file upload15.csv (CSV, C-alpha atoms)
chain,number,residue,atom,x,y,z
I,1,MET,CA,100.4,67.6,82.2
I,2,GLU,CA,101.1,66.0,78.9
I,3,PRO,CA,104.6,67.2,78.0
I,4,GLU,CA,103.8,67.8,74.3
I,5,ALA,CA,100.6,69.7,74.9
I,6,PRO,CA,101.7,73.2,75.6
I,7,LEU,CA,103.9,73.8,72.6
I,8,VAL,CA,101.6,72.6,69.8
I,9,GLU,CA,98.4,74.1,71.1
I,10,HIS,CA,98.7,77.8,70.6
I,11,VAL,CA,95.2,78.9,71.4
I,12,ARG,CA,94.7,78.6,75.1
I,13,THR,CA,92.2,79.8,77.6
I,14,ALA,CA,93.1,81.8,80.7
I,15,THR,CA,92.2,78.6,82.6
I,16,PRO,CA,95.2,77.7,84.6
I,17,ALA,CA,97.3,74.8,83.5
I,18,SER,CA,97.2,71.6,85.6
I,19,VAL,CA,100.6,71.4,87.1
I,20,SER,CA,102.0,69.0,89.8
I,21,GLU,CA,105.4,69.1,91.5
I,22,GLY,CA,108.1,67.6,89.3
I,23,ASP,CA,106.2,68.3,86.0
I,24,GLU,CA,108.4,69.4,83.1
I,25,PRO,CA,107.3,71.1,79.9
I,26,GLU,CA,108.7,69.7,76.6
I,27,PRO,CA,112.1,71.5,76.2
I,28,ILE,CA,112.6,73.9,73.3
I,29,THR,CA,115.8,73.8,71.3
I,30,VAL,CA,117.1,77.0,69.7
I,31,GLY,CA,120.0,77.1,67.3
I,32,PRO,CA,122.5,77.5,66.0
I,33,VAL,CA,122.3,81.0,67.3
I,34,SER,CA,123.2,83.5,64.5
I,35,ARG,CA,124.2,87.1,64.3
I,36,THR,CA,120.8,87.6,62.7
I,37,HIS,CA,119.1,86.4,65.8
I,38,ILE,CA,121.1,88.9,67.9
I,39,VAL,CA,120.6,91.8,65.5
I,40,ARG,CA,116.9,91.2,65.3
I,41,TYR,CA,116.7,91.2,69.1
I,42,ALA,CA,118.7,94.4,69.3
I,43,GLY,CA,116.2,96.1,67.0
I,44,ALA,CA,113.2,94.7,68.9
I,45,GLY,CA,114.5,95.4,72.4
I,46,GLY,CA,116.5,98.5,71.8
I,47,ASP,CA,119.9,97.3,73.1
I,48,PHE,CA,122.5,98.7,70.7
I,49,ASN,CA,125.6,98.1,72.7
I,50,PRO,CA,128.0,97.4,69.9
I,51,ILE,CA,129.6,94.5,71.8
I,52,HIS,CA,126.5,92.5,70.7
I,53,HIS,CA,126.6,93.3,67.0
I,54,ASP,CA,130.1,94.6,66.0
I,55,ASP,CA,132.7,91.9,65.9
I,56,GLU,CA,135.6,94.4,65.6
I,57,PHE,CA,134.4,96.2,68.7
I,58,ALA,CA,133.8,93.0,70.6
I,59,ARG,CA,137.4,91.8,69.8
I,60,ALA,CA,138.9,95.1,70.9
I,61,ALA,CA,137.1,94.6,74.2
I,62,GLY,CA,138.7,91.2,74.6
I,63,MET,CA,135.9,89.0,73.5
I,64,PRO,CA,136.3,86.3,70.9
I,65,SER,CA,133.3,87.6,69.0
I,66,VAL,CA,130.0,89.3,69.5
I,67,PHE,CA,127.7,87.5,72.0
I,68,ALA,CA,123.9,87.7,72.6
I,69,MET,CA,122.3,90.0,75.1
I,70,GLY,CA,121.1,87.9,78.1
I,71,LEU,CA,117.6,89.2,77.6
I,72,MET,CA,117.5,87.6,74.1
I,73,GLN,CA,117.7,84.0,75.5
I,74,GLY,CA,115.9,85.2,78.7
I,75,GLY,CA,113.0,86.3,76.5
I,76,MET,CA,113.1,83.1,74.4
I,77,LEU,CA,112.9,81.2,77.7
I,78,GLY,CA,109.9,83.4,78.6
I,79,ARG,CA,108.1,81.7,75.6
I,80,LEU,CA,108.5,78.3,77.3
I,81,VAL,CA,107.1,79.9,80.5
I,82,GLY,CA,104.1,81.4,78.7
I,83,ASP,CA,103.4,78.3,76.6
I,84,TRP,CA,103.5,76.0,79.6
I,85,LEU,CA,101.8,78.0,82.3
I,86,GLY,CA,99.6,80.3,80.2
I,87,ARG,CA,100.8,83.9,79.7
I,88,ALA,CA,97.9,85.3,81.7
I,89,ASN,CA,98.6,83.2,84.7
I,90,VAL,CA,102.3,84.1,85.2
I,91,ARG,CA,102.7,86.3,88.3
I,92,SER,CA,106.5,86.7,88.3
I,93,TYR,CA,109.5,85.8,86.2
I,94,SER,CA,113.1,86.3,87.3
I,95,ILE,CA,116.2,85.7,85.2
I,96,ARG,CA,119.8,85.3,86.4
I,97,PHE,CA,122.5,85.6,83.8
I,98,THR,CA,125.1,83.0,84.6
I,99,GLY,CA,127.0,82.7,81.3
I,100,GLN,CA,127.2,84.1,77.8
I,101,VAL,CA,125.7,82.8,74.6
I,102,TRP,CA,127.8,82.9,71.4
I,103,PRO,CA,127.0,82.7,67.7
I,104,GLY,CA,126.8,79.0,66.7
I,105,ASP,CA,125.5,77.9,70.1
I,106,GLU,CA,122.7,75.3,70.3
I,107,LEU,CA,120.5,76.1,73.3
I,108,ARG,CA,118.2,73.9,75.3
I,109,LEU,CA,115.4,75.7,77.1
I,110,SER,CA,113.9,73.6,79.9
I,111,GLY,CA,111.7,73.9,83.0
I,112,ARG,CA,110.4,72.1,86.1
I,113,ALA,CA,107.6,72.7,88.7
I,114,GLU,CA,109.5,72.8,92.0
I,115,ARG,CA,106.7,73.5,94.4
I,116,VAL,CA,102.9,73.7,94.2
I,117,TYR,CA,101.0,75.3,97.1
I,118,GLU,CA,97.9,77.1,98.2
I,119,GLN,CA,98.1,80.8,99.0
I,120,ASP,CA,95.3,83.2,99.7
I,121,GLY,CA,92.8,80.8,98.2
I,122,GLU,CA,94.7,80.1,95.0
I,123,ARG,CA,96.9,77.3,93.8
I,124,LEU,CA,100.4,78.6,92.8
I,125,ALA,CA,103.5,76.8,91.3
I,126,ASP,CA,107.1,77.9,91.7
I,127,CYS,CA,108.9,76.7,88.7
I,128,SER,CA,112.6,76.7,87.7
I,129,PHE,CA,113.9,77.2,84.2
I,130,ALA,CA,117.2,77.1,82.5
I,131,VAL,CA,119.0,77.9,79.2
I,132,THR,CA,121.8,75.3,78.7
I,133,ARG,CA,124.4,75.5,76.0
I,134,GLN,CA,125.7,72.5,74.0
I,135,THR,CA,128.7,72.5,76.3
I,136,GLY,CA,126.5,71.8,79.3
I,137,GLU,CA,127.1,75.3,80.6
I,138,VAL,CA,124.0,77.0,82.0
I,139,ALA,CA,123.7,80.5,80.5
I,140,ILE,CA,120.5,81.4,82.4
I,141,GLU,CA,118.8,80.2,85.5
I,142,ALA,CA,115.3,81.5,85.9
I,143,ARG,CA,112.2,81.1,88.1
I,144,ALA,CA,108.6,81.8,87.6
I,145,THR,CA,105.5,81.7,89.8
I,146,ALA,CA,102.1,81.1,88.2
I,147,ARG,CA,98.6,80.4,89.1
I,148,VAL,CA,97.9,76.7,88.3
I,149,ALA,CA,95.0,74.2,88.6
H,1,MET,CA,132.3,104.0,91.3
H,2,ALA,CA,128.8,103.4,92.7
H,3,ASP,CA,128.2,103.9,96.4
H,4,GLU,CA,125.4,103.9,99.0
H,5,SER,CA,124.7,107.6,98.5
H,6,LEU,CA,122.9,106.6,95.3
H,7,ILE,CA,120.1,104.7,97.1
H,8,GLY,CA,116.8,106.3,96.5
H,9,ARG,CA,118.0,108.3,93.5
H,10,GLU,CA,115.4,108.7,90.7
H,11,LEU,CA,117.0,107.8,87.3
H,12,ASP,CA,114.4,108.7,84.7
H,13,GLU,CA,110.8,108.5,83.6
H,14,VAL,CA,109.6,107.7,80.1
H,15,ARG,CA,106.2,107.3,78.6
H,16,PHE,CA,105.8,105.0,75.7
H,17,PRO,CA,103.1,103.3,73.7
H,18,VAL,CA,102.6,99.5,73.4
H,19,GLU,CA,102.5,99.3,69.6
H,20,ARG,CA,101.2,96.3,67.6
H,21,GLY,CA,104.1,96.2,65.2
H,22,LYS,CA,106.6,96.5,68.0
H,23,VAL,CA,105.0,93.6,69.9
H,24,ARG,CA,105.0,91.5,66.8
H,25,GLU,CA,108.7,92.3,66.1
H,26,PHE,CA,109.5,91.5,69.7
H,27,ALA,CA,107.7,88.1,69.7
H,28,GLU,CA,109.4,87.3,66.3
H,29,ALA,CA,112.9,88.1,67.7
H,30,LEU,CA,112.1,85.7,70.6
H,31,LEU,CA,111.1,83.0,68.0
H,32,ASP,CA,107.7,82.9,69.7
H,33,PRO,CA,105.1,81.7,67.1
H,34,ASP,CA,102.1,82.2,69.5
H,35,PRO,CA,99.4,83.9,67.5
H,36,VAL,CA,98.2,85.8,70.7
H,37,TYR,CA,101.0,88.3,69.8
H,38,THR,CA,99.8,89.0,66.3
H,39,ASP,CA,96.1,88.1,66.1
H,40,GLU,CA,93.5,89.8,68.2
H,41,ALA,CA,91.0,86.9,67.9
H,42,ALA,CA,93.6,84.4,69.2
H,43,ALA,CA,94.5,86.8,72.0
H,44,ARG,CA,90.8,87.1,73.1
H,45,ALA,CA,90.4,83.3,72.8
H,46,ALA,CA,93.4,83.0,75.2
H,47,GLY,CA,91.6,85.2,77.8
H,48,PHE,CA,93.1,88.6,77.0
H,49,ASP,CA,91.2,91.8,76.2
H,50,GLY,CA,93.6,92.6,73.4
H,51,ILE,CA,97.0,91.6,72.1
H,52,PRO,CA,99.3,91.0,75.1
H,53,ALA,CA,103.0,91.9,75.3
H,54,PRO,CA,105.5,89.1,75.8
H,55,LEU,CA,106.7,88.6,79.4
H,56,THR,CA,110.0,90.6,78.9
H,57,TYR,CA,108.5,93.3,76.7
H,58,ALA,CA,109.0,96.0,79.3
H,59,VAL,CA,112.7,96.2,78.3
H,60,ALA,CA,111.6,97.8,75.0
H,61,ALA,CA,111.4,101.0,77.1
H,62,MET,CA,115.1,101.2,76.2
H,63,HIS,CA,114.0,102.7,72.9
H,64,TRP,CA,112.7,105.7,74.8
H,65,ARG,CA,115.5,106.3,77.3
H,66,ASP,CA,119.1,107.5,77.3
H,67,GLN,CA,120.5,104.4,78.9
H,68,THR,CA,124.1,105.4,78.7
H,69,GLY,CA,123.5,108.8,80.0
H,70,ALA,CA,121.5,107.5,82.9
H,71,TYR,CA,124.3,105.1,84.0
H,72,GLU,CA,126.9,107.8,83.5
H,73,ASP,CA,124.8,110.1,85.8
H,74,LEU,CA,125.1,107.5,88.5
H,75,GLY,CA,128.8,107.4,88.1
H,76,LEU,CA,128.8,103.8,86.8
H,77,ASP,CA,131.8,102.9,84.6
H,78,LEU,CA,130.1,101.2,81.7
H,79,PRO,CA,132.9,98.8,80.6
H,80,ARG,CA,132.9,97.4,84.1
H,81,ILE,CA,129.2,96.8,84.3
H,82,LEU,CA,127.6,93.3,83.9
H,83,HIS,CA,123.8,92.7,84.0
H,84,GLY,CA,123.4,90.1,86.8
H,85,GLU,CA,119.7,89.6,87.1
H,86,VAL,CA,116.3,90.9,86.1
H,87,SER,CA,113.0,90.1,87.5
H,88,PHE,CA,109.4,91.0,86.6
H,89,GLU,CA,106.4,91.1,88.8
H,90,TYR,CA,103.1,91.2,86.9
H,91,HIS,CA,100.2,93.1,88.3
H,92,ALA,CA,97.9,94.1,85.4
H,93,PRO,CA,98.0,92.8,81.8
H,94,VAL,CA,100.0,94.9,79.3
H,95,LEU,CA,98.1,95.1,76.0
H,96,VAL,CA,98.6,96.7,72.6
H,97,GLY,CA,97.2,100.2,72.7
H,98,ASP,CA,98.3,100.8,76.3
H,99,GLU,CA,100.4,103.9,77.2
H,100,LEU,CA,103.0,102.9,79.8
H,101,THR,CA,105.0,105.1,82.1
H,102,ALA,CA,108.3,103.6,83.4
H,103,ARG,CA,110.0,105.3,86.4
H,104,ARG,CA,113.4,104.0,87.5
H,105,ARG,CA,115.1,104.5,90.8
H,106,VAL,CA,118.1,103.1,92.6
H,107,ALA,CA,116.7,100.7,95.2
H,108,ASP,CA,120.0,99.4,96.7
H,109,VAL,CA,123.8,99.5,96.4
H,110,ARG,CA,125.9,96.8,98.1
H,111,LYS,CA,129.5,95.9,98.1
H,112,ARG,CA,130.4,92.2,97.9
H,113,GLU,CA,133.6,90.1,97.5
H,114,GLY,CA,133.7,88.3,94.2
H,115,ARG,CA,134.5,84.7,93.8
H,116,ARG,CA,138.0,85.3,92.6
H,117,GLY,CA,138.7,88.1,95.0
H,118,GLY,CA,138.2,91.7,94.1
H,119,ARG,CA,135.2,93.7,95.3
H,120,MET,CA,132.1,94.1,93.3
H,121,THR,CA,129.3,96.6,93.7
H,122,LEU,CA,125.8,95.4,93.2
H,123,VAL,CA,123.4,98.2,92.1
H,124,THR,CA,119.7,97.3,92.2
H,125,ILE,CA,117.4,99.4,90.0
H,126,GLU,CA,113.7,99.2,90.3
H,127,THR,CA,111.4,100.2,87.5
H,128,GLU,CA,107.7,100.8,88.2
H,129,ILE,CA,105.6,100.6,85.2
H,130,THR,CA,102.1,102.0,85.2
H,131,ASN,CA,99.5,102.2,82.5
H,132,GLN,CA,97.3,105.0,81.2
H,133,ARG,CA,94.8,104.4,84.0
H,134,GLY,CA,97.4,104.9,86.6
H,135,GLU,CA,97.4,101.2,87.5
H,136,LEU,CA,100.6,99.4,88.4
H,137,ALA,CA,101.1,97.1,85.4
H,138,LEU,CA,104.4,95.5,86.4
H,139,ARG,CA,107.6,96.1,88.4
H,140,GLU,CA,111.0,95.3,87.0
H,141,THR,CA,114.1,94.9,89.2
H,142,ASP,CA,117.5,94.8,87.6
H,143,THR,CA,120.8,94.0,89.3
H,144,LEU,CA,123.8,95.6,87.8
H,145,ILE,CA,127.3,94.4,88.8
H,146,GLU,CA,130.2,96.8,88.7
H,147,THR,CA,133.3,94.8,88.8
H,148,GLU,CA,136.7,96.0,89.9
H,149,GLN,CA,138.3,95.4,86.5
H,150,ARG,CA,136.9,95.8,83.1
H,151,THR,CA,134.8,92.8,82.1
H,152,ASP,CA,136.5,90.3,79.9
H,153,GLY,CA,134.2,87.9,78.1
H,154,ALA,CA,137.0,85.4,77.5
H,155,THR,CA,137.4,84.7,81.2
H,156,GLN,CA,133.8,85.4,82.2
H,157,GLN,CA,133.0,84.2,85.6
H,158,ARG,CA,129.5,83.6,86.9
H,159,THR,CA,128.1,87.1,87.0
H,160,ASP,CA,126.5,86.7,90.4
H,161,GLY,CA,129.9,86.1,91.9
H,162,ALA,CA,128.5,83.0,93.8

call {"tool": "encode", "arguments": {"input": "upload15.csv", "output": "structure tokens"}}
result
Amino acid sequence: MEPEAPLVEHVRTATPASVSEGDEPEPITVGPVSRTHIVRYAGAGGDFNPIHHDDEFARAAGMPSVFAMGLMQGGMLGRLVGDWLGRANVRSYSIRFTGQVWPGDELRLSGRAERVYEQDGERLADCSFAVTRQTGEVAIEARATARVA
Amino acid sequence: MADESLIGRELDEVRFPVERGKVREFAEALLDPDPVYTDEAAARAAGFDGIPAPLTYAVAAMHWRDQTGAYEDLGLDLPRILHGEVSFEYHAPVLVGDELTARRRVADVRKREGRRGGRMTLVTIETEITNQRGELALRETDTLIETEQRTDGATQQRTDGA
């Protein structure tokens, strides 16, 4: 698969993407992460835990500042999953929260097809994904399985 | 403190609509410019019967639940809770105009030694989400981690304790 194809072409068909083991989509960069990103996601997703939007509250809880809900960057990563594999072909998506994302962070969202196989007459791909901070720390490890061509 | 007696406990059930403005707001918050989330023609061209919801949209059910109350009912101490994992299994498309029903139950409770010593309790919550036709649309599984001490972001360890 051409790495630049999935992100520039927004109108796709439900035809599965052609994916081989080792393929990687063009990574997405996000950042710097701002409090506005976090607050916008709070409103969209409904997570109003003040630790994510109230600096005074966060510091009282021992944090250096507010930090993003894991599902904010987990959802942003879902965009890469959908763009690459086609939203309609994704069978499962799992996210593991392995670190926090702070205001000012620069994130790199990446993926890789780990295994392509046949099951019950269809071709499926197990893919791994990650959100990596500018420090190299991995904030999210994710996996998705999708129908592919 | 969560324990095994919670396994099988029903948490709550909420019914909520998949609204066009909410889907657009959600996609914008995820910085996702894909027109399938805003433009019905683009969605149909992409193989959907209407505007689809983003992959993690089911979490917007939080707008319709009493999250804090539900966790307190389970006896979870909120300042000690970390969200470890979430997974989604997709069975039927979720489209704008759908009416979803989300039912949550405790699927598992396990104790485990943390990496730096100290026991942690892993609470698995399963959410079954059906649509207005009674079809299973997706299944969401969340793993909550109750740590022994209050969580401290400054010394945050890997939340899976691996």

call {"tool": "interface_residues", "arguments": {"input": "upload15.csv", "of": "chain I", "to": "chain H", "cutoff": "9 Å", "atoms": "only C-alpha atoms", "output": "PDB file with C-alpha atoms, in the coordinates of the input"}}
result
ATOM      1  CA  HIS I  10      98.700  77.800  70.600  1.00  0.00           C
ATOM      2  CA  VAL I  11      95.200  78.900  71.400  1.00  0.00           C
ATOM      3  CA  ARG I  12      94.700  78.600  75.100  1.00  0.00           C
ATOM      4  CA  THR I  13      92.200  79.800  77.600  1.00  0.00           C
ATOM      5  CA  ALA I  14      93.100  81.800  80.700  1.00  0.00           C
ATOM      6  CA  THR I  15      92.200  78.600  82.600  1.00  0.00           C
ATOM      7  CA  VAL I  30     117.100  77.000  69.700  1.00  0.00           C
ATOM      8  CA  HIS I  37     119.100  86.400  65.800  1.00  0.00           C
ATOM      9  CA  ILE I  38     121.100  88.900  67.900  1.00  0.00           C
ATOM     10  CA  VAL I  39     120.600  91.800  65.500  1.00  0.00           C
ATOM     11  CA  ARG I  40     116.900  91.200  65.300  1.00  0.00           C
ATOM     12  CA  TYR I  41     116.700  91.200  69.100  1.00  0.00           C
ATOM     13  CA  ALA I  42     118.700  94.400  69.300  1.00  0.00           C
ATOM     14  CA  GLY I  43     116.200  96.100  67.000  1.00  0.00           C
ATOM     15  CA  ALA I  44     113.200  94.700  68.900  1.00  0.00           C
ATOM     16  CA  GLY I  45     114.500  95.400  72.400  1.00  0.00           C
ATOM     17  CA  GLY I  46     116.500  98.500  71.800  1.00  0.00           C
ATOM     18  CA  ASP I  47     119.900  97.300  73.100  1.00  0.00           C
ATOM     19  CA  ALA I  61     137.100  94.600  74.200  1.00  0.00           C
ATOM     20  CA  GLY I  62     138.700  91.200  74.600  1.00  0.00           C
ATOM     21  CA  MET I  63     135.900  89.000  73.500  1.00  0.00           C
ATOM     22  CA  PRO I  64     136.300  86.300  70.900  1.00  0.00           C
ATOM     23  CA  PHE I  67     127.700  87.500  72.000  1.00  0.00           C
ATOM     24  CA  GLY I  70     121.100  87.900  78.100  1.00  0.00           C
ATOM     25  CA  LEU I  71     117.600  89.200  77.600  1.00  0.00           C
ATOM     26  CA  MET I  72     117.500  87.600  74.100  1.00  0.00           C
ATOM     27  CA  GLN I  73     117.700  84.000  75.500  1.00  0.00           C
ATOM     28  CA  GLY I  74     115.900  85.200  78.700  1.00  0.00           C
ATOM     29  CA  GLY I  75     113.000  86.300  76.500  1.00  0.00           C
ATOM     30  CA  MET I  76     113.100  83.100  74.400  1.00  0.00           C
ATOM     31  CA  LEU I  77     112.900  81.200  77.700  1.00  0.00           C
ATOM     32  CA  GLY I  78     109.900  83.400  78.600  1.00  0.00           C
ATOM     33  CA  ARG I  79     108.100  81.700  75.600  1.00  0.00           C
ATOM     34  CA  LEU I  80     108.500  78.300  77.300  1.00  0.00           C
ATOM     35  CA  VAL I  81     107.100  79.900  80.500  1.00  0.00           C
ATOM     36  CA  GLY I  82     104.100  81.400  78.700  1.00  0.00           C
ATOM     37  CA  ASP I  83     103.400  78.300  76.600  1.00  0.00           C
ATOM     38  CA  GLY I  86      99.600  80.300  80.200  1.00  0.00           C
ATOM     39  CA  ARG I  87     100.800  83.900  79.700  1.00  0.00           C
ATOM     40  CA  ALA I  88      97.900  85.300  81.700  1.00  0.00           C
ATOM     41  CA  VAL I  90     102.300  84.100  85.200  1.00  0.00           C
ATOM     42  CA  ARG I  91     102.700  86.300  88.300  1.00  0.00           C
ATOM     43  CA  SER I  92     106.500  86.700  88.300  1.00  0.00           C
ATOM     44  CA  TYR I  93     109.500  85.800  86.200  1.00  0.00           C
ATOM     45  CA  SER I  94     113.100  86.300  87.300  1.00  0.00           C
ATOM     46  CA  ILE I  95     116.200  85.700  85.200  1.00  0.00           C
ATOM     47  CA  ARG I  96     119.800  85.300  86.400  1.00  0.00           C
ATOM     48  CA  PHE I  97     122.500  85.600  83.800  1.00  0.00           C
ATOM     49  CA  THR I  98     125.100  83.000  84.600  1.00  0.00           C
ATOM     50  CA  GLY I  99     127.000  82.700  81.300  1.00  0.00           C
ATOM     51  CA  GLN I 100     127.200  84.100  77.800  1.00  0.00           C
TER      52      GLN I 100
END

call {"tool": "atom_distance", "arguments": {"input": "upload15.csv", "atom1": "CA of Gln119 (chain I)", "atom2": "CA of Arg143 (chain I)"}}
result
17.8 Å

call {"tool": "closest_residue", "arguments": {"input": "upload15.csv", "among": "I:Arg112, I:Asn89, I:Arg133, I:Trp84", "to": "Thr29 (chain I)", "atoms": "only C-alpha atoms"}}
result
I:Arg133

call {"tool": "atom_distance", "arguments": {"input": "upload15.csv", "atom1": "CA of Glu40 (chain H)", "atom2": "CA of Val94 (chain H)"}}
result
13.8 Å

call {"tool": "decode", "arguments": {"input": "upload15.csv", "residues": "region 16-36 of chain H", "atoms": "N, CA and C atoms", "output": "mmCIF file, in the first residue's frame"}}
result
data_model
loop_
_atom_site.group_PDB
_atom_site.id
_atom_site.type_symbol
_atom_site.label_atom_id
_atom_site.label_comp_id
_atom_site.auth_asym_id
_atom_site.auth_seq_id
_atom_site.Cartn_x
_atom_site.Cartn_y
_atom_site.Cartn_z
ATOM 1 N N PHE H 16 -29.503 6.088 24.371
ATOM 2 C CA PHE H 16 -29.117 7.409 23.866
ATOM 3 C C PHE H 16 -29.093 7.424 22.342
ATOM 4 N N PRO H 17 -29.388 8.614 21.771
ATOM 5 C CA PRO H 17 -29.431 8.743 20.319
ATOM 6 C C PRO H 17 -28.037 9.055 19.764
ATOM 7 N N VAL H 18 -27.764 8.598 18.547
ATOM 8 C CA VAL H 18 -26.538 8.989 17.837
ATOM 9 C C VAL H 18 -26.900 10.215 17.010
ATOM 10 N N GLU H 19 -26.472 11.383 17.509
ATOM 11 C CA GLU H 19 -26.903 12.645 16.903
ATOM 12 C C GLU H 19 -25.855 13.186 15.933
ATOM 13 N N ARG H 20 -26.323 13.817 14.895
ATOM 14 C CA ARG H 20 -25.422 14.318 13.857
ATOM 15 C C ARG H 20 -24.429 15.350 14.401
ATOM 16 N N GLY H 21 -24.938 16.289 15.196
ATOM 17 C CA GLY H 21 -24.056 17.331 15.741
ATOM 18 C C GLY H 21 -23.026 16.747 16.702
ATOM 19 N N LYS H 22 -23.444 15.738 17.447
ATOM 20 C CA LYS H 22 -22.550 15.111 18.429
ATOM 21 C C LYS H 22 -21.438 14.320 17.718
ATOM 22 N N VAL H 23 -21.804 13.669 16.617
ATOM 23 C CA VAL H 23 -20.807 12.915 15.853
ATOM 24 C C VAL H 23 -19.793 13.878 15.236
ATOM 25 N N ARG H 24 -20.298 14.995 14.712
ATOM 26 C CA ARG H 24 -19.404 15.994 14.128
ATOM 27 C C ARG H 24 -18.452 16.553 15.194
ATOM 28 N N GLU H 25 -19.009 16.872 16.369
ATOM 29 C CA GLU H 25 -18.217 17.422 17.468
ATOM 30 C C GLU H 25 -17.147 16.414 17.914
ATOM 31 N N PHE H 26 -17.528 15.152 17.965
ATOM 32 C CA PHE H 26 -16.613 14.091 18.389
ATOM 33 C C PHE H 26 -15.466 13.955 17.379
ATOM 34 N N ALA H 27 -15.813 13.920 16.098
ATOM 35 C CA ALA H 27 -14.774 13.794 15.058
ATOM 36 C C ALA H 27 -13.849 15.011 15.082
ATOM 37 N N GLU H 28 -14.421 16.202 15.298
ATOM 38 C CA GLU H 28 -13.591 17.415 15.357
ATOM 39 C C GLU H 28 -12.645 17.364 16.545
ATOM 40 N N ALA H 29 -13.135 16.870 17.677
ATOM 41 C CA ALA H 29 -12.295 16.791 18.878
ATOM 42 C C ALA H 29 -11.141 15.812 18.669
ATOM 43 N N LEU H 30 -11.346 14.849 17.767
ATOM 44 C CA LEU H 30 -10.279 13.885 17.473
ATOM 45 C C LEU H 30 -9.433 14.348 16.288
ATOM 46 N N LEU H 31 -9.672 15.589 15.825
ATOM 47 C CA LEU H 31 -8.931 16.184 14.715
ATOM 48 C C LEU H 31 -9.060 15.335 13.449
ATOM 49 N N ASP H 32 -10.223 14.708 13.306
ATOM 50 C CA ASP H 32 -10.435 13.816 12.161
ATOM 51 C C ASP H 32 -11.200 14.561 11.073
ATOM 52 N N PRO H 33 -10.542 14.889 9.963
ATOM 53 C CA PRO H 33 -11.198 15.693 8.912
ATOM 54 C C PRO H 33 -12.010 14.861 7.927
ATOM 55 N N ASP H 34 -12.141 13.565 8.148
ATOM 56 C CA ASP H 34 -12.826 12.704 7.180
ATOM 57 C C ASP H 34 -14.274 13.172 6.998
ATOM 58 N N PRO H 35 -14.678 13.539 5.755
ATOM 59 C CA PRO H 35 -16.043 14.053 5.543
ATOM 60 C C PRO H 35 -17.137 13.016 5.785
ATOM 61 N N VAL H 36 -16.778 11.731 5.948
ATOM 62 C CA VAL H 36 -17.848 10.750 6.227
ATOM 63 C C VAL H 36 -18.581 11.101 7.516
#
